[in-house]
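> I'm passing along run09.txt; it holds compact mmCIF, C-alpha atoms.
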```
# COMPACT_ATOMS: atom_id res chain seq x y z
CA MET T 1 0.00 0.00 0.00
CA PRO T 2 1.67 3.28 -1.06
CA ALA T 3 2.48 5.77 1.68
CA ALA T 4 0.16 8.75 1.96
CA ASP T 5 3.21 10.96 2.55
CA PRO T 6 6.83 9.85 1.90
CA TYR T 7 8.02 11.87 4.92
CA VAL T 8 6.11 9.51 7.26
CA PRO T 9 6.21 6.12 5.48
CA GLY T 10 3.62 3.60 6.60
CA HIS T 11 1.19 6.22 7.89
CA GLY T 12 -2.08 7.37 6.36
CA ASN T 13 -4.31 6.22 3.55
CA ARG T 14 -5.74 8.14 0.61
CA ARG T 15 -8.64 5.83 -0.20
CA TYR T 16 -10.88 7.39 2.43
CA ALA T 17 -11.26 10.47 4.64
CA VAL T 18 -12.39 10.62 8.26
CA ARG T 19 -15.11 13.21 8.83
CA SER T 20 -15.35 12.84 12.61
CA TYR T 21 -13.80 11.04 15.58
CA ARG T 22 -15.41 10.27 18.92
CA LEU T 23 -12.93 9.02 21.51
CA ASP T 24 -14.24 7.53 24.78
CA LEU T 25 -11.20 6.85 26.94
CA ASP T 26 -10.63 5.53 30.46
CA TYR T 27 -7.14 6.04 31.85
CA LYS T 28 -5.51 4.71 35.02
CA VAL T 29 -2.59 6.99 35.84
CA ALA T 30 -0.87 4.66 38.34
CA THR T 31 -0.53 1.81 35.86
CA ASN T 32 -0.50 3.74 32.54
CA HIS T 33 -3.44 1.70 31.30
CA LEU T 34 -5.73 3.09 28.61
CA ALA T 35 -9.05 1.55 27.57
CA GLY T 36 -10.78 3.18 24.65
CA ARG T 37 -13.52 3.11 22.10
CA ALA T 38 -13.01 5.12 18.92
CA VAL T 39 -15.95 5.84 16.63
CA LEU T 40 -14.99 7.11 13.18
CA GLU T 41 -17.33 8.47 10.52
CA ILE T 42 -15.58 7.65 7.24
CA GLU T 43 -16.21 8.74 3.67
CA ALA T 44 -14.96 6.51 0.86
CA LEU T 45 -12.86 8.41 -1.69
CA ASP T 46 -12.53 5.26 -3.80
CA GLU T 47 -14.39 1.97 -3.89
CA LEU T 48 -13.58 0.57 -0.46
CA ASP T 49 -13.44 -3.05 0.66
CA GLN T 50 -10.94 -2.41 3.45
CA VAL T 51 -10.24 0.40 5.90
CA ALA T 52 -6.60 0.60 6.96
CA LEU T 53 -6.18 2.64 10.16
CA ASP T 54 -3.01 3.60 11.96
CA LEU T 55 -2.70 2.25 15.53
CA TYR T 56 0.48 1.40 17.43
CA GLY T 57 1.21 -0.65 20.55
CA LEU T 58 -2.39 -1.19 21.72
CA ASN T 59 -4.56 -4.31 21.61
CA VAL T 60 -7.80 -4.35 19.61
CA SER T 61 -10.62 -6.45 21.07
CA ARG T 62 -13.55 -5.67 18.77
CA VAL T 63 -14.35 -3.83 15.54
CA ARG T 64 -17.75 -2.96 14.13
CA VAL T 65 -18.65 -1.44 10.77
CA ASP T 66 -22.10 0.13 10.58
CA GLY T 67 -23.06 -1.69 13.77
CA ARG T 68 -22.00 -5.16 12.62
CA GLN T 69 -19.05 -7.20 13.82
CA ALA T 70 -16.18 -6.90 11.33
CA ARG T 71 -13.10 -8.96 10.55
CA TYR T 72 -9.77 -7.27 11.15
CA ALA T 73 -6.03 -7.84 11.36
CA HIS T 74 -3.72 -5.69 13.48
CA ARG T 75 -0.01 -6.00 12.75
CA GLU T 76 2.71 -3.52 13.61
CA ARG T 77 1.18 -0.08 13.00
CA LYS T 78 -1.79 -0.97 10.79
CA LEU T 79 -5.28 -2.05 11.71
CA ARG T 80 -6.87 -3.48 8.55
CA ILE T 81 -10.64 -3.81 8.71
CA THR T 82 -12.63 -5.77 6.15
CA VAL T 83 -15.72 -4.02 4.78
CA ALA T 84 -18.27 -6.78 4.14
CA SER T 85 -20.22 -4.78 1.54
CA LYS T 86 -17.96 -2.58 -0.55
CA ALA T 87 -18.48 1.10 -0.02
CA LYS T 88 -18.90 3.08 -3.21
CA ARG T 89 -17.09 6.35 -3.73
CA GLY T 90 -18.83 8.97 -1.62
CA GLY T 91 -20.38 6.33 0.62
CA ARG T 92 -20.22 6.63 4.40
CA LEU T 93 -19.13 4.08 7.01
CA LYS T 94 -19.29 4.10 10.79
CA VAL T 95 -16.30 2.27 12.22
CA GLU T 96 -16.08 1.43 15.94
CA VAL T 97 -12.85 0.13 17.48
CA ASP T 98 -12.48 -1.12 21.06
CA TYR T 99 -8.89 -1.22 22.24
CA ALA T 100 -6.74 -1.15 25.36
CA GLY T 101 -3.19 -1.41 26.65
CA LYS T 102 -0.25 0.58 27.91
CA PRO T 103 0.34 3.37 25.39
CA ARG T 104 3.89 4.40 24.58
CA PRO T 105 5.65 6.69 22.10
CA ILE T 106 6.10 5.57 18.50
CA PRO T 107 9.73 5.12 17.39
CA SER T 108 10.51 7.24 14.33
CA VAL T 109 13.30 8.96 12.47
CA PHE T 110 12.28 12.06 14.47
CA GLY T 111 12.74 10.24 17.77
CA PRO T 112 9.94 8.84 19.95
CA VAL T 113 6.66 10.72 19.32
CA GLY T 114 3.16 10.58 20.73
CA TRP T 115 2.08 9.39 24.18
CA GLU T 116 4.47 10.37 26.95
CA GLU T 117 4.25 9.58 30.66
CA LEU T 118 5.21 12.37 33.02
CA THR T 119 6.18 12.14 36.68
CA ASP T 120 2.48 12.34 37.61
CA GLY T 121 0.37 12.39 34.48
CA VAL T 122 0.51 12.30 30.69
CA LEU T 123 1.06 14.48 27.68
CA VAL T 124 0.75 13.78 23.98
CA ALA T 125 3.30 15.34 21.62
CA ALA T 126 2.33 13.82 18.29
CA GLN T 127 3.98 15.88 15.53
CA PRO T 128 4.32 14.53 12.90
CA CYS T 129 3.28 10.88 13.32
CA GLY T 130 2.48 10.17 16.98
CA ALA T 131 -1.34 10.17 16.92
CA PRO T 132 -1.59 6.36 16.46
CA SER T 133 0.08 5.93 19.85
CA TRP T 134 -3.29 6.59 21.53
CA PHE T 135 -6.14 6.27 19.03
CA PRO T 136 -6.83 4.62 15.63
CA CYS T 137 -6.73 7.23 12.89
CA ASN T 138 -5.94 8.10 9.30
CA ASP T 139 -2.59 9.67 10.11
CA ARG T 140 -2.08 12.25 7.38
CA PRO T 141 -1.92 16.02 7.86
CA ASP T 142 -4.48 16.77 5.17
CA ASP T 143 -7.23 14.51 6.56
CA LYS T 144 -8.88 16.98 8.93
CA ALA T 145 -11.94 15.99 10.95
CA ARG T 146 -14.09 17.07 13.88
CA TYR T 147 -13.43 15.50 17.29
CA ARG T 148 -15.25 14.72 20.51
CA PHE T 149 -13.41 13.46 23.58
CA ALA T 150 -14.73 11.85 26.76
CA VAL T 151 -11.81 11.03 29.05
CA THR T 152 -12.24 9.41 32.47
CA VAL T 153 -9.47 9.77 35.07
CA PRO T 154 -9.17 9.55 38.87
CA ASP T 155 -10.49 12.53 40.84
CA GLY T 156 -7.75 15.07 41.50
CA TYR T 157 -6.47 14.95 37.93
CA ARG T 158 -7.45 17.39 35.25
CA VAL T 159 -7.87 16.55 31.55
CA ILE T 160 -7.08 19.05 28.82
CA ALA T 161 -7.92 18.22 25.21
CA ASN T 162 -8.56 20.20 22.05
CA GLY T 163 -11.51 22.52 21.71
CA ARG T 164 -13.95 23.54 24.39
CA LEU T 165 -14.79 21.82 27.65
CA GLU T 166 -18.49 20.91 27.53
CA ALA T 167 -19.04 19.02 30.79
CA ARG T 168 -17.53 17.10 33.71
CA ASP T 169 -19.21 14.05 35.20
CA LYS T 170 -18.15 12.72 38.62
CA ARG T 171 -18.86 9.18 39.72
CA SER T 172 -17.26 6.77 42.21
CA GLY T 173 -14.00 8.62 42.60
CA ARG T 174 -13.51 9.24 38.91
CA THR T 175 -14.31 12.18 36.63
CA THR T 176 -15.13 12.16 32.92
CA TRP T 177 -14.09 15.29 31.02
CA HIS T 178 -15.97 16.06 27.79
CA TYR T 179 -14.32 18.18 25.08
CA ARG T 180 -15.52 19.12 21.62
CA GLN T 181 -13.37 20.31 18.71
CA ASP T 182 -15.69 21.51 15.93
CA GLU T 183 -13.10 23.11 13.64
CA PRO T 184 -11.54 20.39 11.44
CA MET T 185 -8.22 19.13 12.80
CA ALA T 186 -5.39 16.88 11.56
CA PRO T 187 -4.76 13.77 13.70
CA TYR T 188 -1.25 14.83 14.72
CA LEU T 189 -2.74 17.96 16.33
CA ALA T 190 -5.06 15.99 18.62
CA VAL T 191 -3.69 16.28 22.13
CA LEU T 192 -4.31 15.01 25.64
CA HIS T 193 -2.97 16.28 28.96
CA ILE T 194 -3.63 14.59 32.28
CA GLY T 195 -2.19 16.10 35.43
CA ARG T 196 -2.76 17.94 38.71
CA TYR T 197 -3.29 21.37 37.20
CA VAL T 198 -4.85 24.71 38.09
CA SER T 199 -5.85 27.53 35.74
CA THR T 200 -4.95 31.18 35.39
CA ALA T 201 -7.11 33.25 33.02
CA LEU T 202 -5.58 36.09 31.01
CA GLY T 203 -8.54 38.02 29.62
CA GLU T 204 -11.44 36.38 27.82
CA ASN T 205 -9.57 34.23 25.33
CA VAL T 206 -6.37 33.00 27.01
CA GLU T 207 -5.98 30.38 29.73
CA LEU T 208 -2.77 29.16 31.34
CA VAL T 209 -2.95 25.66 32.83
CA HIS T 210 -0.11 24.81 35.20
CA PRO T 211 0.89 23.01 38.40
CA ARG T 212 -0.13 24.86 41.55
CA GLY T 213 3.48 25.59 42.48
CA VAL T 214 4.47 27.08 39.11
CA GLY T 215 3.79 30.80 38.77
CA VAL T 216 2.94 32.13 35.30
CA GLY T 217 2.13 35.80 35.86
CA ALA T 218 4.25 38.96 35.90
CA GLY T 219 7.96 38.34 35.58
CA THR T 220 7.55 35.16 33.50
CA ALA T 221 7.69 34.40 29.78
CA PHE T 222 3.87 34.12 29.76
CA ALA T 223 3.15 37.55 31.23
CA ARG T 224 2.22 39.02 27.82
CA GLN T 225 0.54 35.97 26.30
CA ALA T 226 -2.77 37.82 25.85
CA ASP T 227 -0.97 40.80 24.28
CA MET T 228 0.66 38.42 21.80
CA LEU T 229 -2.72 37.06 20.76
CA ASP T 230 -4.02 40.59 20.17
CA ALA T 231 -0.91 41.57 18.21
CA PHE T 232 -1.07 38.51 15.98
CA ALA T 233 -4.80 38.98 15.40
CA ASP T 234 -4.02 42.48 14.13
CA LEU T 235 -1.30 41.16 11.81
CA PHE T 236 -2.76 37.84 10.63
CA GLY T 237 -6.50 38.23 11.05
CA PRO T 238 -8.84 37.02 13.84
CA TYR T 239 -7.73 34.19 16.09
CA PRO T 240 -9.17 31.14 14.28
CA PHE T 241 -10.55 29.27 17.30
CA GLY T 242 -12.55 29.99 20.45
CA ARG T 243 -9.94 30.07 23.23
CA TYR T 244 -6.22 29.53 23.44
CA THR T 245 -4.65 27.46 26.23
CA ALA T 246 -1.00 27.15 27.19
CA VAL T 247 -0.28 24.06 29.29
CA ILE T 248 2.86 24.15 31.46
CA THR T 249 3.88 20.74 32.78
CA GLU T 250 5.64 20.18 36.09
CA ASP T 251 8.34 18.27 34.20
CA GLU T 252 11.00 19.98 32.13
CA LEU T 253 10.63 19.46 28.37
CA GLU T 254 13.27 19.69 25.66
CA ILE T 255 11.06 21.78 23.38
CA PRO T 256 7.52 23.20 23.47
CA LEU T 257 4.96 22.02 20.93
CA GLU T 258 1.70 23.37 19.59
CA ALA T 259 -1.58 21.55 19.05
CA GLN T 260 -4.88 22.92 17.81
CA THR T 261 -6.25 25.48 20.33
CA LEU T 262 -3.38 24.92 22.77
CA SER T 263 0.38 24.57 23.22
CA THR T 264 2.57 22.57 25.61
CA PHE T 265 5.53 23.93 27.55
CA GLY T 266 7.79 22.54 30.26
CA ALA T 267 8.43 24.16 33.63
CA ASN T 268 11.82 25.19 32.19
CA HIS T 269 10.08 27.51 29.71
CA VAL T 270 8.48 29.75 32.34
CA ALA T 271 11.45 31.93 33.33
CA ASP T 272 11.44 35.47 31.96
CA GLY T 273 13.72 36.34 29.04
CA TRP T 274 13.65 36.52 25.26
CA GLU T 275 14.61 32.88 24.62
CA ASN T 276 11.48 31.63 26.38
CA GLU T 277 9.23 34.49 25.29
CA ARG T 278 10.03 33.90 21.63
CA LEU T 279 8.98 30.25 22.06
CA VAL T 280 5.68 31.39 23.58
CA ALA T 281 5.14 33.61 20.52
CA HIS T 282 6.24 30.86 18.12
CA GLU T 283 3.76 28.28 19.41
CA LEU T 284 0.90 30.80 19.48
CA ALA T 285 1.53 31.75 15.84
CA HIS T 286 1.06 28.10 14.87
CA GLN T 287 -2.65 28.48 15.63
CA TRP T 288 -2.88 30.39 12.35
CA PHE T 289 -0.01 28.70 10.49
CA GLY T 290 -0.07 24.95 11.08
CA ASN T 291 -3.35 24.42 12.91
CA SER T 292 -5.97 26.47 11.05
CA LEU T 293 -3.91 26.34 7.84
CA THR T 294 -2.27 22.91 7.67
CA VAL T 295 0.05 21.67 4.95
CA THR T 296 -1.28 19.13 2.50
CA ALA T 297 2.11 17.39 2.51
CA TRP T 298 5.03 17.54 4.96
CA LYS T 299 7.47 18.72 2.30
CA ASP T 300 5.82 22.15 2.64
CA ILE T 301 6.48 22.36 6.38
CA TRP T 302 8.12 25.76 5.89
CA LEU T 303 4.56 27.10 5.60
CA HIS T 304 4.25 26.20 9.29
CA GLU T 305 7.69 26.78 10.73
CA GLY T 306 8.82 29.70 8.58
CA PHE T 307 5.68 31.63 9.51
CA ALA T 308 6.01 30.78 13.22
CA CYS T 309 9.67 31.79 13.25
CA TYR T 310 8.93 35.06 11.46
CA SER T 311 6.20 35.65 14.04
CA GLU T 312 8.87 35.64 16.76
CA TRP T 313 10.55 38.54 14.95
CA LEU T 314 7.22 40.31 14.46
CA TRP T 315 6.47 40.01 18.19
CA SER T 316 9.94 41.40 18.93
CA GLU T 317 9.10 44.35 16.69
CA ALA T 318 5.62 44.85 18.14
CA SER T 319 6.87 44.71 21.73
CA GLY T 320 9.52 47.37 21.25
CA ARG T 321 12.54 45.12 20.87
CA ARG T 322 14.62 44.51 17.74
CA SER T 323 12.86 44.90 14.40
CA ALA T 324 12.14 42.00 12.09
CA ALA T 325 14.64 43.51 9.64
CA GLU T 326 17.37 43.36 12.29
CA TRP T 327 16.60 39.72 13.07
CA ALA T 328 16.55 38.93 9.34
CA SER T 329 19.97 40.52 8.89
CA GLU T 330 21.42 38.55 11.80
CA TYR T 331 20.04 35.19 10.71
CA HIS T 332 21.02 35.72 7.10
CA ARG T 333 24.60 36.07 8.31
CA ARG T 334 24.27 32.93 10.39
CA LEU T 335 22.77 30.88 7.55
CA ALA T 336 25.43 32.11 5.16
CA ALA T 337 28.05 30.45 7.38
CA LEU T 338 26.25 27.07 7.36
CA PRO T 339 26.18 24.41 4.62
CA HIS T 340 23.90 25.30 1.69
CA ASP T 341 22.61 21.77 1.15
CA LEU T 342 19.00 22.22 2.27
CA VAL T 343 16.14 22.88 -0.15
CA LEU T 344 13.45 24.64 1.86
CA GLY T 345 10.55 23.37 -0.21
CA ALA T 346 11.72 19.73 -0.12
CA PRO T 347 14.00 19.25 2.90
CA GLY T 348 13.45 15.50 3.21
CA ARG T 349 12.21 13.86 6.37
CA GLU T 350 15.65 13.82 8.00
CA LEU T 351 15.87 17.63 7.77
CA MET T 352 12.23 18.71 8.00
CA PHE T 353 12.79 20.00 11.55
CA ASP T 354 16.27 21.39 10.87
CA ASP T 355 16.61 24.92 12.25
CA ARG T 356 17.50 26.14 8.76
CA VAL T 357 13.92 25.33 7.64
CA TYR T 358 12.67 27.69 10.33
CA LYS T 359 15.10 30.53 9.73
CA ARG T 360 15.22 30.34 5.93
CA GLY T 361 11.43 30.16 5.89
CA ALA T 362 11.31 33.34 7.98
CA LEU T 363 13.80 35.02 5.65
CA THR T 364 11.61 34.06 2.68
CA LEU T 365 8.68 35.83 4.28
CA HIS T 366 10.82 38.86 5.05
CA ALA T 367 11.85 39.00 1.39
CA LEU T 368 8.16 38.94 0.44
CA ARG T 369 7.44 41.68 2.95
CA CYS T 370 10.19 43.83 1.46
CA GLU T 371 8.70 43.21 -1.98
CA LEU T 372 5.05 43.88 -1.06
CA GLY T 373 5.55 46.67 1.48
CA ASP T 374 2.22 47.79 2.95
CA ARG T 375 0.40 45.04 1.05
CA PHE T 376 2.18 42.25 2.97
CA PHE T 377 -0.10 42.03 6.01
CA PRO T 378 -3.37 42.44 4.06
CA MET T 379 -2.08 39.58 1.90
CA LEU T 380 -1.50 37.43 5.02
CA GLN T 381 -4.92 38.29 6.42
CA ASP T 382 -6.59 37.22 3.19
CA TRP T 383 -4.44 34.05 3.15
CA THR T 384 -5.57 33.00 6.63
CA ALA T 385 -9.22 33.94 5.96
CA SER T 386 -9.57 32.18 2.61
CA ASN T 387 -7.93 28.98 3.89
CA ARG T 388 -9.26 28.90 7.44
CA TRP T 389 -9.47 25.34 8.86
CA SER T 390 -8.22 23.94 5.56
CA THR T 391 -5.03 22.69 3.92
CA VAL T 392 -2.43 24.62 1.92
CA THR T 393 0.51 24.17 -0.45
CA THR T 394 3.42 26.32 -1.56
CA ALA T 395 1.93 26.53 -5.06
CA ALA T 396 -1.33 27.89 -3.63
CA PHE T 397 0.61 30.43 -1.56
CA VAL T 398 2.52 31.63 -4.63
CA ALA T 399 -0.73 32.06 -6.56
CA HIS T 400 -2.23 33.95 -3.63
CA VAL T 401 0.72 36.33 -3.19
CA GLN T 402 0.87 37.01 -6.94
CA ARG T 403 -2.45 38.85 -6.72
CA TYR T 404 -0.76 41.53 -4.61
CA THR T 405 2.19 42.43 -6.82
CA GLU T 406 3.32 42.67 -10.43
CA THR T 407 6.67 41.12 -9.51
CA ASP T 408 7.11 37.50 -10.55
CA VAL T 409 6.52 35.87 -7.16
CA ALA T 410 7.20 32.40 -8.56
CA SER T 411 10.76 33.44 -9.39
CA LEU T 412 11.29 34.96 -5.95
CA ILE T 413 9.94 31.84 -4.24
CA ASP T 414 12.01 29.63 -6.51
CA THR T 415 15.28 31.21 -5.38
CA TRP T 416 14.37 31.04 -1.68
CA VAL T 417 12.36 27.81 -1.51
CA TYR T 418 13.52 25.51 -4.32
CA ARG T 419 17.21 26.38 -4.67
CA ALA T 420 19.88 25.42 -2.16
CA PRO T 421 22.19 28.51 -2.44
CA LEU T 422 21.20 31.28 -0.07
CA PRO T 423 19.95 34.38 -1.96
CA PRO T 424 21.37 37.81 -1.08
CA PRO T 425 19.76 39.56 1.94
CA ARG T 426 16.79 41.88 1.49
```
The structure given in the file should be rewritten as C-alpha cells.

Amino acid sequence: MPAADPYVPGHGNRRYAVRSYRLDLDYKVATNHLAGRAVLEIEALDELDQVALDLYGLNVSRVRVDGRQARYAHRERKLRITVASKAKRGGRLKVEVDYAGKPRPIPSVFGPVGWEELTDGVLVAAQPCGAPSWFPCNDRPDDKARYRFAVTVPDGYRVIANGRLEARDKRSGRTTWHYRQDEPMAPYLAVLHIGRYVSTALGENVELVHPRGVGVGAGTAFARQADMLDAFADLFGPYPFGRYTAVITEDELEIPLEAQTLSTFGANHVADGWENERLVAHELAHQWFGNSLTVTAWKDIWLHEGFACYSEWLWSEASGRRSAAEWASEYHRRLAALPHDLVLGAPGRELMFDDRVYKRGALTLHALRCELGDRFFPMLQDWTASNRWSTVTTAAFVAHVQRYTETDVASLIDTWVYRAPLPPPR
C-alpha cells in the first residue's frame, strides 16, 4: 500500500477520509493503562473493501462497521478492517474500534513521538506521526476531521484536550471530562494532557494551565501571552478558534509544541527572558499557520515553521525590541556560514525540523514583505481567511501572493524555496 506521505512512510491512507472522531477513553494513571472506544465516521474516496487505520502498541478487542461485527487484522502499526459490503465512492461508514493497553511513544526517524508519561500524568506530543500511539486514525496532515473526547481519570487529575470543555461528570472517585473540537483538525494535532493542574485566566480568550506551584504571571515568559494574541490577530487576522490554552507541565521538556487550540511547555520555559518568550510567541503563531492552515504534505512544512519563526521577529518588533529587519539581517549572516545543502521546499524527512527550515522560511517571508511593502499584512490576512481550517501548499501560496504584486513571485519563491544557495539579503 503506497504511503500517503513519503516523509512519514507507513502512515495514512488516501482511499478514504475521516469526517469525525469520537474518543471515549478511560485512563488509570498509576498503571498507565488506557481503555478506549473510537468511533470514526468515514467517507470513501474510492471503492472501499478495506479500511486501513493507523494504531500502534495497543490491543484491539472488537471492531464494528455500521453496527455489525467486522473482521480485522492488526499488525505492527496498521489495523486493517474488512468491509463486508464494498463502499462506493462517496459512501459513508461508521467504524467502531475497542482497544486497550499501555500506550507508549512511537519510534521514528524524528525520535519517539506521541504518548508520553510524566512524573504524575501524561502528555501527547504527536507531531508529525504520533497520533496512532493513543487512538486509531488516518494519520495524514491533510485529513482533517471534527473530534469529541470523553476522558475518564481519577479525581484530582485534570484533563485538557482540544476545543472547548463541555461538561464534567463525577462518579465513584472518577471524573469524565468532555471536550468538543468543531473546527476540522489533523490527527497529529489531537492532544491530551492529564495532570494535577490549576488555571490562570488572562482576559477572555487565554488560559494558562499549570501546576499549583508554578507561577505564570508577571515576571515570566507568559506575562504578555494575551498581548501576543491581540498583536497577531491584528497582523494575521482574527484568532481562528474559540480560546487559546498554554499548558505548562511540572516536568521539564526539551522543546515546546503546539496543538490545535493549545500549546505545551515545560516548567523550564516559564522563566522570563527573550529565549522563552520567543517560544511562547512561536507556538501561538502556529494556531494560524499549522493548525488552522495545515500543509497538504510535509514537504511544505516551511509554511508552518517559517511563519512561526517570522512571528517571533514580528512580536519582537511589536513589543519594542529589535525589528524583524534586524533579526533577518542577523540570521542571514548565520545561515550564510552554514552548509547550503538544504532545499526549503523539499528538505526530506531527515531535515524537515532542521533549524534552517525555520530561519530560511522566515527570511523568505521577510523577502516577500520587502517586496510587497504595505500590502504584505493584508495579503497574510486574506491568506488565513480564505484557507481557514483547511489545507495549503506552496503553489497555492505563490498564486495567492501574486495577486498583490506585479513582480514574478514564482521566481522569488524559486530562489528562496527551491534552490539550495542562499539568496542575497533583502
> Find the residues around stretch 243-254 of chain T up to 10 Å (all atoms listed in the file counted), leave out those fewer than 4 positions away in its own chain, and share them as a ChimeraX atom specification.
/T:118-123,160-164,193-202,204-216,222,225-226,229,239,258-270,280,283-284,287
> Kindly indicate which residue among T:Trp389, T:Tyr418, T:Phe397, T:Tyr310 lies nearest to T:Asn291, using all atoms listed in the file for the distances.
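With all atoms listed in the file as the atom set, the closest residue is T:Trp389.
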> One decimal, Å: what's the distance from atom CA of T:Val95 over to atom CA of T:Pro9, could you say?
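Taking atom CA of T:Val95 and atom CA of T:Pro9, their separation equals 23.8 Å.
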> Need to verify the contact set: T:Gln127, 9 Å, all atoms listed in the file, exclusion of same-chain residues closer than 2 positions in sequence. Can you return it as a ChimeraX atom specification?
/T:113-114,125,129-131,188-189,257-259
> Between T:Cys309, T:Leu314, T:Leu344, T:Ala410, which one has atoms that come closest to T:Lys359, using only C-alpha atoms?
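Selected residue with least distance to T:Lys359: T:Cys309.
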> Ranking T:Thr405, T:Ser172, T:Asn13, T:Gln181 by minimum distance to T:Asp142 and counting only C-alpha atoms, which one comes first?
T:Asn13
> Could I see stretch 6-28 of chain T restored to N, CA and C atoms, set down as a compact mmCIF listing (two decimals), in the coordinates of the input?

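selection_27.txt was written with the following content:
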```txt
# COMPACT_ATOMS: atom_id res chain seq x y z
N PRO T 6 5.52 10.51 1.80
CA PRO T 6 6.83 9.85 1.90
C PRO T 6 7.63 10.29 3.13
N TYR T 7 7.28 11.43 3.74
CA TYR T 7 8.02 11.87 4.92
C TYR T 7 7.66 11.05 6.16
N VAL T 8 6.51 10.39 6.15
CA VAL T 8 6.11 9.51 7.26
C VAL T 8 5.65 8.18 6.66
N PRO T 9 6.57 7.38 6.15
CA PRO T 9 6.21 6.12 5.48
C PRO T 9 5.43 5.20 6.42
N GLY T 10 4.44 4.54 5.84
CA GLY T 10 3.62 3.60 6.60
C GLY T 10 2.43 4.23 7.28
N HIS T 11 2.30 5.55 7.23
CA HIS T 11 1.19 6.22 7.89
C HIS T 11 0.21 6.78 6.85
N GLY T 12 -1.08 6.73 7.19
CA GLY T 12 -2.08 7.37 6.36
C GLY T 12 -2.54 6.55 5.19
N ASN T 13 -3.71 6.91 4.68
CA ASN T 13 -4.31 6.22 3.55
C ASN T 13 -5.14 7.22 2.77
N ARG T 14 -5.04 7.17 1.45
CA ARG T 14 -5.74 8.14 0.61
C ARG T 14 -7.02 7.59 -0.02
N ARG T 15 -7.43 6.40 0.38
CA ARG T 15 -8.64 5.83 -0.20
C ARG T 15 -9.90 6.29 0.53
N TYR T 16 -9.72 6.93 1.67
CA TYR T 16 -10.88 7.39 2.43
C TYR T 16 -10.49 8.63 3.22
N ALA T 17 -11.47 9.32 3.75
CA ALA T 17 -11.26 10.47 4.64
C ALA T 17 -12.14 10.29 5.87
N VAL T 18 -11.61 10.66 7.02
CA VAL T 18 -12.39 10.62 8.26
C VAL T 18 -13.06 11.98 8.44
N ARG T 19 -14.37 11.97 8.64
CA ARG T 19 -15.11 13.21 8.83
C ARG T 19 -15.27 13.56 10.30
N SER T 20 -15.27 12.55 11.18
CA SER T 20 -15.35 12.84 12.61
C SER T 20 -14.79 11.68 13.41
N TYR T 21 -14.26 12.01 14.60
CA TYR T 21 -13.80 11.04 15.58
C TYR T 21 -14.55 11.27 16.89
N ARG T 22 -14.95 10.19 17.54
CA ARG T 22 -15.41 10.27 18.92
C ARG T 22 -14.57 9.30 19.74
N LEU T 23 -13.84 9.83 20.71
CA LEU T 23 -12.93 9.02 21.51
C LEU T 23 -13.44 8.97 22.95
N ASP T 24 -13.82 7.77 23.39
CA ASP T 24 -14.24 7.53 24.78
C ASP T 24 -13.10 6.75 25.44
N LEU T 25 -12.42 7.41 26.38
CA LEU T 25 -11.20 6.85 26.94
C LEU T 25 -11.29 6.76 28.46
N ASP T 26 -10.74 5.70 29.01
CA ASP T 26 -10.63 5.53 30.46
C ASP T 26 -9.16 5.27 30.77
N TYR T 27 -8.58 6.13 31.62
CA TYR T 27 -7.14 6.04 31.85
C TYR T 27 -6.84 5.90 33.34
N LYS T 28 -6.00 4.92 33.66
CA LYS T 28 -5.51 4.71 35.02
C LYS T 28 -4.07 5.22 35.08
```
